[in-house]
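Visitor: Here you go, query_34.csv (CSV, C-alpha atoms and all ligand atoms):
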```
chain,number,residue,atom,x,y,z
A,1,MET,CA,-6.4,25.4,-10.0
A,2,GLN,CA,-7.4,22.4,-7.9
A,3,LEU,CA,-8.6,18.8,-8.0
A,4,ILE,CA,-9.3,15.9,-5.6
A,5,GLU,CA,-7.5,12.6,-6.2
A,6,LYS,CA,-8.5,9.3,-4.5
A,7,ALA,CA,-5.6,7.4,-2.8
A,8,PRO,CA,-6.7,3.8,-2.4
A,9,ALA,CA,-5.2,1.4,0.2
A,10,LYS,CA,-3.1,-1.5,-1.1
A,11,ILE,CA,-2.9,-5.1,0.1
A,12,ASN,CA,-0.2,-7.6,-0.7
A,13,LEU,CA,-1.8,-10.8,-1.9
A,14,GLY,CA,1.8,-12.2,-2.3
A,15,LEU,CA,4.9,-10.6,-0.9
A,16,ASP,CA,8.4,-12.1,-1.3
A,17,THR,CA,12.0,-10.7,-1.3
A,18,PRO,CA,14.3,-13.2,-3.0
A,19,TYR,CA,17.5,-11.3,-2.2
A,20,HIS,CA,18.8,-7.8,-1.4
A,21,HIS,CA,20.9,-5.6,-3.6
A,22,GLN,CA,24.5,-4.5,-2.8
A,23,ASP,CA,23.2,-1.2,-1.4
A,24,GLY,CA,21.0,-3.1,1.1
A,25,ALA,CA,17.7,-2.4,-0.7
A,26,GLU,CA,15.4,-5.4,-1.0
A,27,GLU,CA,14.5,-7.0,-4.4
A,28,TRP,CA,10.7,-7.4,-4.2
A,29,ASN,CA,8.5,-10.0,-5.9
A,30,MET,CA,4.9,-9.1,-5.0
A,31,VAL,CA,1.3,-9.4,-6.2
A,32,MET,CA,-0.6,-6.3,-5.0
A,33,THR,CA,-4.1,-5.0,-5.4
A,34,SER,CA,-5.9,-1.9,-4.3
A,35,VAL,CA,-9.2,-1.8,-2.4
A,36,ASP,CA,-12.1,0.7,-2.0
A,37,LEU,CA,-10.8,2.1,1.3
A,38,ALA,CA,-9.1,5.4,0.3
A,39,ASP,CA,-7.7,8.7,1.4
A,40,TYR,CA,-8.9,11.8,-0.5
A,41,VAL,CA,-6.2,14.2,-1.5
A,42,GLU,CA,-7.2,17.8,-2.4
A,43,ILE,CA,-4.5,19.5,-4.4
A,44,GLN,CA,-4.5,23.2,-5.2
A,45,THR,CA,-1.8,25.0,-7.1
A,46,LEU,CA,-0.8,28.6,-6.1
A,47,THR,CA,0.7,31.3,-8.3
A,48,LYS,CA,1.5,33.8,-5.6
A,49,HIS,CA,4.4,31.8,-4.0
A,50,LYS,CA,6.3,28.4,-4.2
A,51,ARG,CA,5.5,27.1,-0.7
A,52,ILE,CA,4.2,23.6,-0.3
A,53,ARG,CA,1.6,23.2,2.5
A,54,VAL,CA,0.2,19.9,3.8
A,55,ALA,CA,-2.7,19.6,6.2
A,56,SER,CA,-4.6,16.4,7.2
A,57,ASP,CA,-7.5,15.6,9.5
A,58,SER,CA,-5.2,13.0,11.2
A,59,GLY,CA,-3.4,14.1,14.3
A,60,PHE,CA,-0.8,11.3,13.7
A,61,LEU,CA,0.7,12.8,10.6
A,62,PRO,CA,3.6,15.1,10.0
A,63,ASN,CA,2.6,18.2,7.9
A,64,ASP,CA,6.1,19.0,6.8
A,65,GLN,CA,8.7,17.5,4.5
A,66,ARG,CA,8.3,14.2,6.4
A,67,ASN,CA,4.9,13.8,4.9
A,68,LEU,CA,5.2,11.6,1.7
A,69,ALA,CA,2.6,13.8,0.0
A,70,TYR,CA,4.8,16.9,0.6
A,71,GLN,CA,7.8,14.9,-0.8
A,72,ALA,CA,5.9,14.1,-4.0
A,73,ALA,CA,5.0,17.8,-4.6
A,74,HIS,CA,8.5,18.9,-3.9
A,75,LEU,CA,9.9,16.2,-6.2
A,76,LEU,CA,7.9,17.4,-9.2
A,77,GLN,CA,8.3,21.2,-8.4
A,78,THR,CA,12.1,20.9,-8.3
A,79,LYS,CA,12.6,18.4,-11.1
A,80,PHE,CA,10.4,20.5,-13.5
A,81,ASN,CA,11.4,23.9,-12.1
A,82,VAL,CA,7.7,24.9,-11.5
A,83,GLY,CA,7.3,28.4,-10.2
A,84,GLU,CA,4.1,27.6,-8.3
A,85,GLY,CA,3.2,26.6,-4.7
A,86,VAL,CA,0.9,23.8,-3.7
A,87,ASN,CA,-1.7,23.4,-1.0
A,88,ILE,CA,-2.5,19.8,-0.1
A,89,ARG,CA,-5.3,18.7,2.2
A,90,ILE,CA,-5.6,15.0,3.0
A,91,LYS,CA,-8.8,13.4,4.3
A,92,LYS,CA,-7.3,10.3,6.0
A,93,ASN,CA,-9.4,7.1,5.9
A,94,ILE,CA,-6.5,4.6,5.7
A,95,PRO,CA,-5.0,3.7,9.1
A,96,VAL,CA,-1.5,5.0,9.5
A,97,ALA,CA,1.5,2.6,9.7
A,98,ALA,CA,-0.8,-0.2,9.0
A,99,GLY,CA,0.8,-2.1,6.1
A,100,LEU,CA,-1.8,-0.6,3.7
A,101,GLY,CA,0.5,1.9,2.0
A,102,GLY,CA,-1.4,5.0,3.1
A,103,GLY,CA,1.5,7.3,2.8
A,104,SER,CA,2.7,5.9,-0.5
A,105,SER,CA,-0.8,6.1,-1.9
A,106,ASP,CA,-1.2,9.8,-0.9
A,107,ALA,CA,2.2,10.5,-2.5
A,108,ALA,CA,1.1,8.7,-5.7
A,109,ALA,CA,-2.1,10.7,-5.8
A,110,VAL,CA,-0.1,14.0,-5.6
A,111,LEU,CA,2.1,12.8,-8.5
A,112,ARG,CA,-0.9,12.0,-10.6
A,113,GLY,CA,-2.7,15.2,-9.6
A,114,LEU,CA,0.2,17.6,-10.2
A,115,ASN,CA,1.1,15.8,-13.5
A,116,GLN,CA,-2.4,16.9,-14.6
A,117,LEU,CA,-2.5,20.4,-13.0
A,118,TRP,CA,1.0,21.4,-14.2
A,119,ASN,CA,0.5,19.7,-17.7
A,120,LEU,CA,3.7,17.8,-17.3
A,121,GLY,CA,2.6,15.1,-19.7
A,122,LEU,CA,4.3,12.3,-17.8
A,123,SER,CA,3.3,8.6,-18.4
A,124,TRP,CA,2.4,6.5,-15.4
A,125,GLN,CA,5.6,4.5,-15.9
A,126,GLU,CA,7.6,7.8,-15.7
A,127,LEU,CA,5.6,8.9,-12.6
A,128,ALA,CA,6.2,5.4,-11.1
A,129,GLU,CA,10.0,5.7,-11.7
A,130,LEU,CA,10.0,9.2,-10.0
A,131,GLY,CA,7.8,7.8,-7.2
A,132,LEU,CA,10.5,5.2,-6.3
A,133,ARG,CA,12.6,8.1,-5.0
A,134,ILE,CA,9.9,8.6,-2.2
A,135,ASP,CA,9.1,5.0,-1.2
A,136,SER,CA,9.1,1.6,-2.8
A,137,ASP,CA,5.3,1.3,-2.7
A,138,VAL,CA,4.7,4.6,-4.5
A,139,PRO,CA,5.4,3.2,-8.0
A,140,TYR,CA,2.6,0.6,-7.6
A,141,CYS,CA,0.3,3.2,-6.0
A,142,VAL,CA,0.6,5.4,-9.1
A,143,TYR,CA,-1.2,2.5,-11.0
A,144,GLY,CA,-3.4,1.5,-8.1
A,145,ARG,CA,-4.6,-1.7,-9.8
A,146,THR,CA,-3.8,-5.4,-9.4
A,147,ALA,CA,-0.2,-5.8,-10.6
A,148,HIS,CA,3.0,-7.9,-10.3
A,149,VAL,CA,5.7,-5.7,-8.6
A,150,ARG,CA,9.4,-6.4,-8.8
A,151,GLY,CA,12.7,-4.7,-8.7
A,152,ARG,CA,13.0,-2.1,-5.9
A,153,GLY,CA,9.3,-1.6,-6.4
A,154,GLU,CA,9.5,0.1,-9.8
A,155,ARG,CA,8.9,-2.8,-12.2
A,156,ILE,CA,5.1,-2.8,-12.5
A,157,THR,CA,3.3,-5.4,-14.6
A,158,PRO,CA,-0.5,-4.8,-14.6
A,159,LEU,CA,-2.5,-8.0,-14.2
A,160,SER,CA,-6.0,-8.9,-15.2
A,161,LYS,CA,-8.6,-7.9,-12.7
A,162,LEU,CA,-9.2,-10.4,-9.8
A,163,PRO,CA,-12.0,-12.9,-9.7
A,164,ALA,CA,-15.0,-11.7,-7.6
A,165,ALA,CA,-13.8,-11.3,-4.0
A,166,TRP,CA,-14.5,-9.4,-0.8
A,167,VAL,CA,-11.8,-8.4,1.7
A,168,VAL,CA,-12.2,-7.9,5.5
A,169,LEU,CA,-9.3,-5.8,6.9
A,170,ALA,CA,-8.6,-6.0,10.6
A,171,LYS,CA,-6.0,-3.7,12.1
A,172,PRO,CA,-4.9,-4.4,15.7
A,173,LYS,CA,-4.1,-1.5,18.0
A,174,VAL,CA,-0.4,-1.7,17.4
A,175,SER,CA,1.5,0.4,14.7
A,176,VAL,CA,4.4,-1.3,13.0
A,177,SER,CA,7.4,0.6,11.7
A,178,THR,CA,8.3,-0.9,8.3
A,179,PRO,CA,12.0,-0.3,8.7
A,180,SER,CA,12.0,-2.2,12.0
A,181,ILE,CA,10.7,-5.3,10.3
A,182,LEU,CA,12.9,-5.0,7.2
A,183,GLN,CA,15.9,-4.8,9.5
A,184,GLN,CA,15.1,-8.3,10.8
A,185,ILE,CA,15.3,-10.0,7.4
A,186,ARG,CA,17.8,-12.9,7.4
A,187,TYR,CA,17.6,-14.3,3.9
A,188,ASP,CA,18.9,-17.7,4.9
A,189,ASP,CA,15.9,-18.1,7.2
A,190,LEU,CA,13.1,-16.9,5.0
A,191,GLU,CA,10.3,-19.3,3.8
A,192,HIS,CA,9.5,-17.9,0.3
A,193,PRO,CA,5.9,-18.0,-1.0
A,194,ASP,CA,5.3,-19.4,-4.5
A,195,ILE,CA,4.6,-16.1,-6.3
A,196,ASP,CA,4.7,-17.8,-9.8
A,197,SER,CA,1.8,-20.1,-8.8
A,198,LEU,CA,-0.1,-17.1,-7.4
A,199,LEU,CA,0.4,-15.2,-10.6
A,200,LYS,CA,-1.0,-18.3,-12.5
A,201,ALA,CA,-4.0,-18.5,-10.2
A,202,VAL,CA,-4.8,-14.7,-10.7
A,203,ARG,CA,-4.4,-15.1,-14.5
A,204,ASN,CA,-6.7,-18.2,-14.4
A,205,GLN,CA,-9.2,-16.2,-12.2
A,206,ASP,CA,-9.0,-19.1,-9.8
A,207,ILE,CA,-9.7,-17.7,-6.3
A,208,ALA,CA,-9.5,-21.1,-4.6
A,209,GLU,CA,-6.0,-21.6,-5.9
A,210,MET,CA,-5.1,-18.0,-5.0
A,211,CYS,CA,-6.2,-18.7,-1.4
A,212,ALA,CA,-4.1,-21.9,-1.4
A,213,VAL,CA,-0.8,-20.4,-2.7
A,214,MET,CA,-0.8,-16.8,-1.4
A,215,GLY,CA,1.8,-15.8,1.2
A,216,ASN,CA,3.8,-13.0,2.8
A,217,VAL,CA,7.4,-13.8,3.6
A,218,LEU,CA,7.5,-11.0,6.2
A,219,GLU,CA,4.5,-12.2,8.2
A,220,PRO,CA,6.6,-14.5,10.6
A,221,LEU,CA,8.8,-11.5,11.4
A,222,THR,CA,6.0,-9.2,12.5
A,223,ALA,CA,3.9,-12.0,14.0
A,224,HIS,CA,6.9,-13.0,16.2
A,225,ARG,CA,6.8,-9.5,17.8
A,226,TYR,CA,3.1,-9.0,17.7
A,227,PRO,CA,1.0,-12.1,18.6
A,228,GLU,CA,-2.1,-10.1,17.6
A,229,ILE,CA,-1.3,-11.0,14.0
A,230,THR,CA,-1.8,-14.7,14.5
A,231,GLN,CA,-4.8,-14.2,16.7
A,232,LEU,CA,-6.6,-12.1,14.1
A,233,LYS,CA,-5.7,-14.6,11.3
A,234,GLN,CA,-7.2,-17.4,13.4
A,235,GLN,CA,-10.4,-15.4,14.1
A,236,LEU,CA,-10.8,-14.5,10.4
A,237,MET,CA,-10.6,-18.2,9.4
A,238,LYS,CA,-12.9,-19.2,12.3
A,239,PHE,CA,-15.6,-16.8,11.0
A,240,GLY,CA,-15.2,-18.3,7.5
A,241,ALA,CA,-12.6,-16.4,5.5
A,242,ASP,CA,-11.3,-18.5,2.6
A,243,ALA,CA,-7.7,-17.2,3.4
A,244,ALA,CA,-6.1,-14.8,5.9
A,245,GLN,CA,-2.8,-13.0,5.6
A,246,MET,CA,-0.9,-10.0,6.8
A,247,SER,CA,-0.5,-7.1,4.4
A,248,GLY,CA,3.0,-5.5,3.8
A,249,THR,CA,5.0,-5.3,7.0
A,250,GLY,CA,1.7,-5.3,9.0
A,251,PRO,CA,0.0,-5.1,11.3
A,252,THR,CA,-3.2,-5.2,9.3
A,253,VAL,CA,-4.4,-8.7,8.5
A,254,PHE,CA,-6.9,-9.3,5.7
A,255,GLY,CA,-9.4,-12.1,5.1
A,256,LEU,CA,-10.2,-13.0,1.5
A,257,CYS,CA,-13.8,-14.2,0.8
A,258,SER,CA,-15.3,-15.5,-2.5
A,259,LYS,CA,-18.9,-14.8,-1.3
A,260,GLN,CA,-20.4,-11.5,-0.1
A,261,SER,CA,-22.6,-13.2,2.5
A,262,ARG,CA,-19.6,-14.9,4.0
A,263,ALA,CA,-17.6,-11.7,4.0
A,264,GLN,CA,-20.4,-9.9,5.8
A,265,ARG,CA,-20.4,-12.7,8.5
A,266,VAL,CA,-16.7,-12.5,8.9
A,267,PHE,CA,-16.9,-8.7,9.1
A,268,ASN,CA,-19.6,-8.8,11.8
A,269,GLY,CA,-17.7,-11.4,13.8
A,270,MET,CA,-14.4,-9.5,13.7
A,271,LYS,CA,-16.1,-6.4,15.0
A,272,GLY,CA,-16.2,-8.2,18.3
A,273,PHE,CA,-12.4,-8.7,18.3
A,274,CYS,CA,-10.9,-5.7,16.7
A,275,ARG,CA,-11.8,-1.9,16.8
A,276,GLU,CA,-10.6,-1.2,13.2
A,277,VAL,CA,-12.4,-3.6,10.9
A,278,TYR,CA,-13.3,-2.7,7.2
A,279,LEU,CA,-15.3,-4.6,4.6
A,280,VAL,CA,-13.9,-3.7,1.2
A,281,ARG,CA,-13.6,-4.9,-2.4
A,282,PRO,CA,-10.6,-4.9,-4.7
A,283,LEU,CA,-10.9,-2.1,-7.3
A,284,PRO,CA,-12.0,-3.4,-10.7
A,301,LIG,C1,7.1,-4.2,2.5
A,301,LIG,C2,6.2,-3.3,1.7
A,301,LIG,O1,5.5,-2.5,2.5
A,301,LIG,C3,5.4,-4.1,0.7
A,301,LIG,O2,4.4,-3.3,0.2
A,301,LIG,C4,7.1,-2.3,0.9
A,301,LIG,O3,7.6,-2.8,-0.2
A,301,LIG,C5,8.2,-1.8,1.8
A,301,LIG,O4,8.2,-0.4,1.5
A,301,LIG,P1,9.5,0.4,1.7
A,301,LIG,O5,9.4,1.7,0.9
A,301,LIG,O6,10.7,-0.4,1.4
A,301,LIG,O7,9.4,0.7,3.2
A,301,LIG,P2,9.8,2.1,3.9
A,301,LIG,O8,8.8,2.4,4.9
A,301,LIG,O9,10.3,3.1,3.0
A,301,LIG,O10,11.1,1.5,4.7
A,301,LIG,C6,12.3,1.4,3.9
A,301,LIG,C7,13.3,1.9,4.8
A,301,LIG,O11,13.6,0.9,5.8
A,301,LIG,C8,15.0,1.1,6.2
A,301,LIG,N1,15.6,-0.2,6.2
A,301,LIG,C9,15.3,-1.1,5.2
A,301,LIG,C10,16.0,-2.3,5.2
A,301,LIG,C11,16.9,-2.6,6.2
A,301,LIG,N2,17.5,-3.8,6.3
A,301,LIG,N3,17.2,-1.7,7.2
A,301,LIG,C12,16.6,-0.5,7.2
A,301,LIG,O12,16.8,0.4,8.0
A,301,LIG,C13,15.6,2.1,5.2
A,301,LIG,O13,15.7,3.3,5.9
A,301,LIG,C14,14.6,2.2,4.1
A,301,LIG,O14,14.6,3.4,3.5
A,302,LIG,N1,0.5,11.0,4.0
A,302,LIG,C1,0.8,10.1,4.9
A,302,LIG,N2,0.0,9.2,5.3
A,302,LIG,C2,0.3,8.2,6.2
A,302,LIG,N3,1.6,8.1,6.7
A,302,LIG,C3,2.5,9.0,6.4
A,302,LIG,C4,2.2,10.0,5.4
A,302,LIG,N4,3.3,10.8,5.2
A,302,LIG,C5,4.2,10.3,6.0
A,302,LIG,N5,3.8,9.2,6.7
A,302,LIG,C6,4.5,8.4,7.7
A,302,LIG,O1,4.9,7.2,7.0
A,302,LIG,C7,4.9,6.1,8.0
A,302,LIG,C8,4.2,4.9,7.3
A,302,LIG,O2,3.0,5.4,6.9
A,302,LIG,P1,2.0,4.4,6.0
A,302,LIG,O3,0.6,4.6,6.5
A,302,LIG,O4,2.3,4.6,4.6
A,302,LIG,O5,2.6,3.0,6.5
A,302,LIG,P2,2.2,1.6,5.9
A,302,LIG,O6,0.7,1.6,5.5
A,302,LIG,O7,2.6,0.6,6.9
A,302,LIG,O8,3.1,1.5,4.6
A,302,LIG,P3,3.7,0.1,4.1
A,302,LIG,O9,2.5,-0.7,3.5
A,302,LIG,O10,4.6,0.5,3.1
A,302,LIG,O11,4.3,-0.6,5.3
A,302,LIG,C9,4.2,6.6,9.2
A,302,LIG,O12,5.2,6.7,10.2
A,302,LIG,C10,3.7,8.0,8.9
A,302,LIG,O13,4.0,8.9,10.0
```
Now, as a test, write the supplied structure out as structure tokens.

Guide:
Amino acid sequence: MQLIEKAPAKINLGLDTPYHHQDGAEEWNMVMTSVDLADYVEIQTLTKHKRIRVASDSGFLPNDQRNLAYQAAHLLQTKFNVGEGVNIRIKKNIPVAAGLGGGSSDAAAVLRGLNQLWNLGLSWQELAELGLRIDSDVPYCVYGRTAHVRGRGERITPLSKLPAAWVVLAKPKVSVSTPSILQQIRYDDLEHPDIDSLLKAVRNQDIAEMCAVMGNVLEPLTAHRYPEITQLKQQLMKFGADAAQMSGTGPTVFGLCSKQSRAQRVFNGMKGFCREVYLVRPLP
């Protein structure tokens, strides 16, 4: 049996970590949404053996247990003692190590797909809790819609859909290792964004207020090491974005636009500064 699951990219409209837990894991307080830039994950179950195989059209990805999609299949296969193997083929469209949650979204797509193919009958909340064992962005990616994300990434509160908006993604040539940024967090030095005000703006469908209050507490850490972040933010604003911010631990920077014509102009302008630029929309 087989199916194809879409694995959309995520962006962090708001990203804060108020403290870390005793085991060192961060407490997250984030507003996340997914956009129509996606990987396509083909999942085929096999009755002849229990091997898990992963292939992708990206030369940058591991095809073994280091691949988050492999980890998702192995997690469900072992937890529910399934006697079947899985073939996974990933069509990568999301830039790797970009702050767009590509690996997490592929893993979430495998969780949703095998839940269906193996008739496991798990709710999205149950899949999200399992997904946390893989990566803290996987629980959100199981839902893949605008949500407030807290805890270690497992407390997902879906939000109303965003007001009309267009997003221009600009990924500089660098790749950023998420752990290398998280290791730099010094909680006494962080400037925390006002996530409560951002939540209120989303609930009020007020894009101007969203642009005024959104923030990413990790941006100064990545921007300090990679000046491209600040340069891309300035260019996005110069071409007319209503707001510009880094996603996740970076390096992708996104511009938020309330008008399609303005977004097209920002997209065209950014093509002259950055090789990887995408004009996308939040998923409804
Ligand atoms: C920042 C976000 O990208 C926002 O969407 C995510 O919430 C972060 O996702 P995440 O799953 O925490 O990031 P991963 O790519 O799994 O990196 C977490 C890994 O970073 C390493 N890590 C984390 C914090 C720290 N002080 N030192 C570390 O070495 C740990 O090995 C941990 O397992
Ligand atoms: N299916 C996958 N797709 C992309 N990266 C993967 C995948 N499986 C494992 N990885 C590894 O995970 C690391 C991070 O990949 P990913 O693209 O998810 O980063 P990211 O978009 O920066 O995530 P985040 O937003 O959480 O920082 C890379 O080093 C990559 O090699």

Visitor: Listing only residues of segment 27-77 of chain A within 7 Å of segment 150-154 of chain A, what is the closest atom pair and its distance in Å (to one decimal) for each, using all atoms listed in the file, sorted by chain and residue number ascending, as CSV?

Guide:
```
residue,atom,partner,partner_atom,distance
A:Glu27,CA,A:Gly151,CA,5.2
A:Trp28,CA,A:Arg150,CA,4.9
A:Asn29,CA,A:Arg150,CA,4.7
A:Met30,CA,A:Arg150,CA,6.5
```

Visitor: Any residue with an atom at most 9 Å from ligand LIG 302 (chain A) counts, using all atoms listed in the file. Which are they? Put them as an MDAnalysis selection string.

Guide: chainID A and resid 9:12 39 54 56 58 60:71 90 92 94:107 135:138 175:179 247:252

Visitor: For Ala128 of chain A, which residue among A:Met1, A:Leu75, A:Ile156, A:Cys257 is the nearest when counting only C-alpha atoms?

Guide: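 Among A:Met1, A:Leu75, A:Ile156, A:Cys257, it is A:Ile156 that comes nearest to Ala128 of chain A.
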
Visitor: For atom CA of Leu111 of chain A and atom CA of Arg53 of chain A, quote the distance in Å rounded to one decimal.

Guide: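 We find that atom CA of Leu111 of chain A and atom CA of Arg53 of chain A lie 15.1 Å from each other.
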
Visitor: So which residues touch Val277 of chain A within 9 Å, counting only C-alpha atoms, skipping near sequence neighbours fewer than 6 positions away, as a PyMOL selection string?

Guide: chain A and resi 168-172+267-268+270-271

Visitor: Can you work out the spacing between atom CA of Gly113 of chain A and atom CA of Ala38 of chain A in Å, to one decimal?

Guide: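 Separating atom CA of Gly113 of chain A from atom CA of Ala38 of chain A is a distance of 15.3 Å.
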
Visitor: Between A:Ile88, A:Ile43, A:Leu182, A:Leu199, which one has atoms that come closest to ligand LIG 301 (chain A), using all atoms listed in the file?

Guide: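 Of the candidates, the smallest distance to ligand LIG 301 (chain A) is held by A:Leu182.
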
Visitor: Rank A:His74, A:Arg133, A:His224, A:Arg203 by their smallest atom-to-atom distance to ligand LIG 301 (chain A), using all atoms listed in the file, and report the top residue only.

Guide: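 Among the listed residues, the smallest separation from ligand LIG 301 (chain A) belongs to A:Arg133.
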
Visitor: One number please: atom CA of Ile207 of chain A to atom CA of Glu228 of chain A, in Å, one decimal.

Guide: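 Answer for the atom CA of Ile207 of chain A to atom CA of Glu228 of chain A separation: 26.2 Å.
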
Visitor: I'd like to know which of A:Cys141, A:Ala25, A:Cys274, A:Leu76 is closest to Gly121 of chain A, using only C-alpha atoms.

Guide: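 Of all the options, A:Leu76 lies closest to Gly121 of chain A.
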
Visitor: For a quick check of understanding, using only C-alpha atoms, which of A:Leu13, A:Lys48, A:Glu84, A:Leu127 has the smallest distance to Val213 of chain A?

Guide: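 Nearest to Val213 of chain A: A:Leu13.
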
Visitor: Go through A:Val110, A:Leu117, A:Val149, A:Leu236 and flag the residue nearest ligand LIG 301 (chain A), using all atoms listed in the file for the distances.

Guide: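 Of all the options, A:Val149 lies closest to ligand LIG 301 (chain A).
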
Visitor: Would you kindly return, as a list of chain:residue names, each protein, DNA or RNA residue with an atom no farther than 7 Å from any atom of Leu190 of chain A, considering all atoms listed in the file and excluding same-chain residues fewer than 3 positions away?

Guide: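 Here the answer would be A:Arg186, A:Tyr187, A:Val217.
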
Visitor: Kindly provide, as a list in words, the polymer residues lying within 9 Å of (-1.7, -14.3, 13.1), counting only C-alpha atoms and using the coordinates exactly as they appear in the file.

Guide: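 Residues with an atom at most 9 Å from (-1.7, -14.3, 13.1): Glu219, Pro220, Ala223, Tyr226, Pro227, Glu228, Ile229, Thr230, Gln231, Leu232, Lys233, Gln234, Gln235, Ala244, Gln245, Met246 and Val253 of chain A.
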
Visitor: Residues at most 6 Å from Ala243 of chain A, counting all atoms listed in the file, excluding those fewer than 5 positions away in the same chain, as a list in words?

Guide: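 Counting only the stated atoms, we get Cys211, Gly255 and Leu256 of chain A.
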
Visitor: Complete the atoms of segment 23-38 of chain A to N, CA, C and O atoms and put them out as a PDB file, in the frame of the given file.

Guide:
```
ATOM      1  N   ASP A  23      23.373  -2.381  -2.276  1.00  0.00           N
ATOM      2  CA  ASP A  23      23.200  -1.200  -1.400  1.00  0.00           C
ATOM      3  C   ASP A  23      22.245  -1.465  -0.249  1.00  0.00           C
ATOM      4  O   ASP A  23      21.864  -0.563   0.479  1.00  0.00           O
ATOM      5  N   GLY A  24      21.819  -2.721  -0.088  1.00  0.00           N
ATOM      6  CA  GLY A  24      21.000  -3.100   1.100  1.00  0.00           C
ATOM      7  C   GLY A  24      19.498  -3.071   0.762  1.00  0.00           C
ATOM      8  O   GLY A  24      18.692  -3.616   1.515  1.00  0.00           O
ATOM      9  N   ALA A  25      19.119  -2.460  -0.361  1.00  0.00           N
ATOM     10  CA  ALA A  25      17.700  -2.400  -0.700  1.00  0.00           C
ATOM     11  C   ALA A  25      17.193  -3.810  -1.080  1.00  0.00           C
ATOM     12  O   ALA A  25      17.926  -4.588  -1.706  1.00  0.00           O
ATOM     13  N   GLU A  26      15.959  -4.099  -0.683  1.00  0.00           N
ATOM     14  CA  GLU A  26      15.400  -5.400  -1.000  1.00  0.00           C
ATOM     15  C   GLU A  26      14.972  -5.456  -2.484  1.00  0.00           C
ATOM     16  O   GLU A  26      14.522  -4.474  -3.053  1.00  0.00           O
ATOM     17  N   GLU A  27      15.151  -6.656  -3.078  1.00  0.00           N
ATOM     18  CA  GLU A  27      14.500  -7.000  -4.400  1.00  0.00           C
ATOM     19  C   GLU A  27      13.133  -7.525  -3.970  1.00  0.00           C
ATOM     20  O   GLU A  27      13.020  -8.403  -3.103  1.00  0.00           O
ATOM     21  N   TRP A  28      12.058  -6.922  -4.565  1.00  0.00           N
ATOM     22  CA  TRP A  28      10.700  -7.400  -4.200  1.00  0.00           C
ATOM     23  C   TRP A  28      10.126  -8.228  -5.314  1.00  0.00           C
ATOM     24  O   TRP A  28      10.456  -8.063  -6.488  1.00  0.00           O
ATOM     25  N   ASN A  29       9.274  -9.168  -4.927  1.00  0.00           N
ATOM     26  CA  ASN A  29       8.500 -10.000  -5.900  1.00  0.00           C
ATOM     27  C   ASN A  29       7.119 -10.082  -5.255  1.00  0.00           C
ATOM     28  O   ASN A  29       6.900 -10.889  -4.331  1.00  0.00           O
ATOM     29  N   MET A  30       6.165  -9.233  -5.725  1.00  0.00           N
ATOM     30  CA  MET A  30       4.900  -9.100  -5.000  1.00  0.00           C
ATOM     31  C   MET A  30       3.720  -9.088  -5.968  1.00  0.00           C
ATOM     32  O   MET A  30       3.838  -8.651  -7.115  1.00  0.00           O
ATOM     33  N   VAL A  31       2.585  -9.551  -5.488  1.00  0.00           N
ATOM     34  CA  VAL A  31       1.300  -9.400  -6.200  1.00  0.00           C
ATOM     35  C   VAL A  31       0.470  -8.464  -5.324  1.00  0.00           C
ATOM     36  O   VAL A  31       0.191  -8.799  -4.160  1.00  0.00           O
ATOM     37  N   MET A  32       0.147  -7.291  -5.853  1.00  0.00           N
ATOM     38  CA  MET A  32      -0.600  -6.300  -5.000  1.00  0.00           C
ATOM     39  C   MET A  32      -1.865  -5.906  -5.713  1.00  0.00           C
ATOM     40  O   MET A  32      -1.999  -5.952  -6.929  1.00  0.00           O
ATOM     41  N   THR A  33      -2.844  -5.533  -4.885  1.00  0.00           N
ATOM     42  CA  THR A  33      -4.100  -5.000  -5.400  1.00  0.00           C
ATOM     43  C   THR A  33      -4.531  -3.848  -4.543  1.00  0.00           C
ATOM     44  O   THR A  33      -4.018  -3.679  -3.441  1.00  0.00           O
ATOM     45  N   SER A  34      -5.447  -3.034  -5.066  1.00  0.00           N
ATOM     46  CA  SER A  34      -5.900  -1.900  -4.300  1.00  0.00           C
ATOM     47  C   SER A  34      -7.404  -2.104  -3.986  1.00  0.00           C
ATOM     48  O   SER A  34      -8.113  -2.785  -4.724  1.00  0.00           O
ATOM     49  N   VAL A  35      -7.844  -1.537  -2.877  1.00  0.00           N
ATOM     50  CA  VAL A  35      -9.200  -1.800  -2.400  1.00  0.00           C
ATOM     51  C   VAL A  35      -9.938  -0.438  -2.248  1.00  0.00           C
ATOM     52  O   VAL A  35      -9.328   0.636  -2.296  1.00  0.00           O
ATOM     53  N   ASP A  36     -11.279  -0.521  -2.049  1.00  0.00           N
ATOM     54  CA  ASP A  36     -12.100   0.700  -2.000  1.00  0.00           C
ATOM     55  C   ASP A  36     -12.138   1.327  -0.624  1.00  0.00           C
ATOM     56  O   ASP A  36     -13.189   1.791  -0.193  1.00  0.00           O
ATOM     57  N   LEU A  37     -11.022   1.314   0.070  1.00  0.00           N
ATOM     58  CA  LEU A  37     -10.800   2.100   1.300  1.00  0.00           C
ATOM     59  C   LEU A  37      -9.721   3.126   0.844  1.00  0.00           C
ATOM     60  O   LEU A  37      -8.650   2.706   0.405  1.00  0.00           O
ATOM     61  N   ALA A  38     -10.052   4.438   0.880  1.00  0.00           N
ATOM     62  CA  ALA A  38      -9.100   5.400   0.300  1.00  0.00           C
ATOM     63  C   ALA A  38      -9.040   6.692   1.068  1.00  0.00           C
ATOM     64  O   ALA A  38     -10.004   7.104   1.735  1.00  0.00           O
TER      65      ALA A  38
END
```
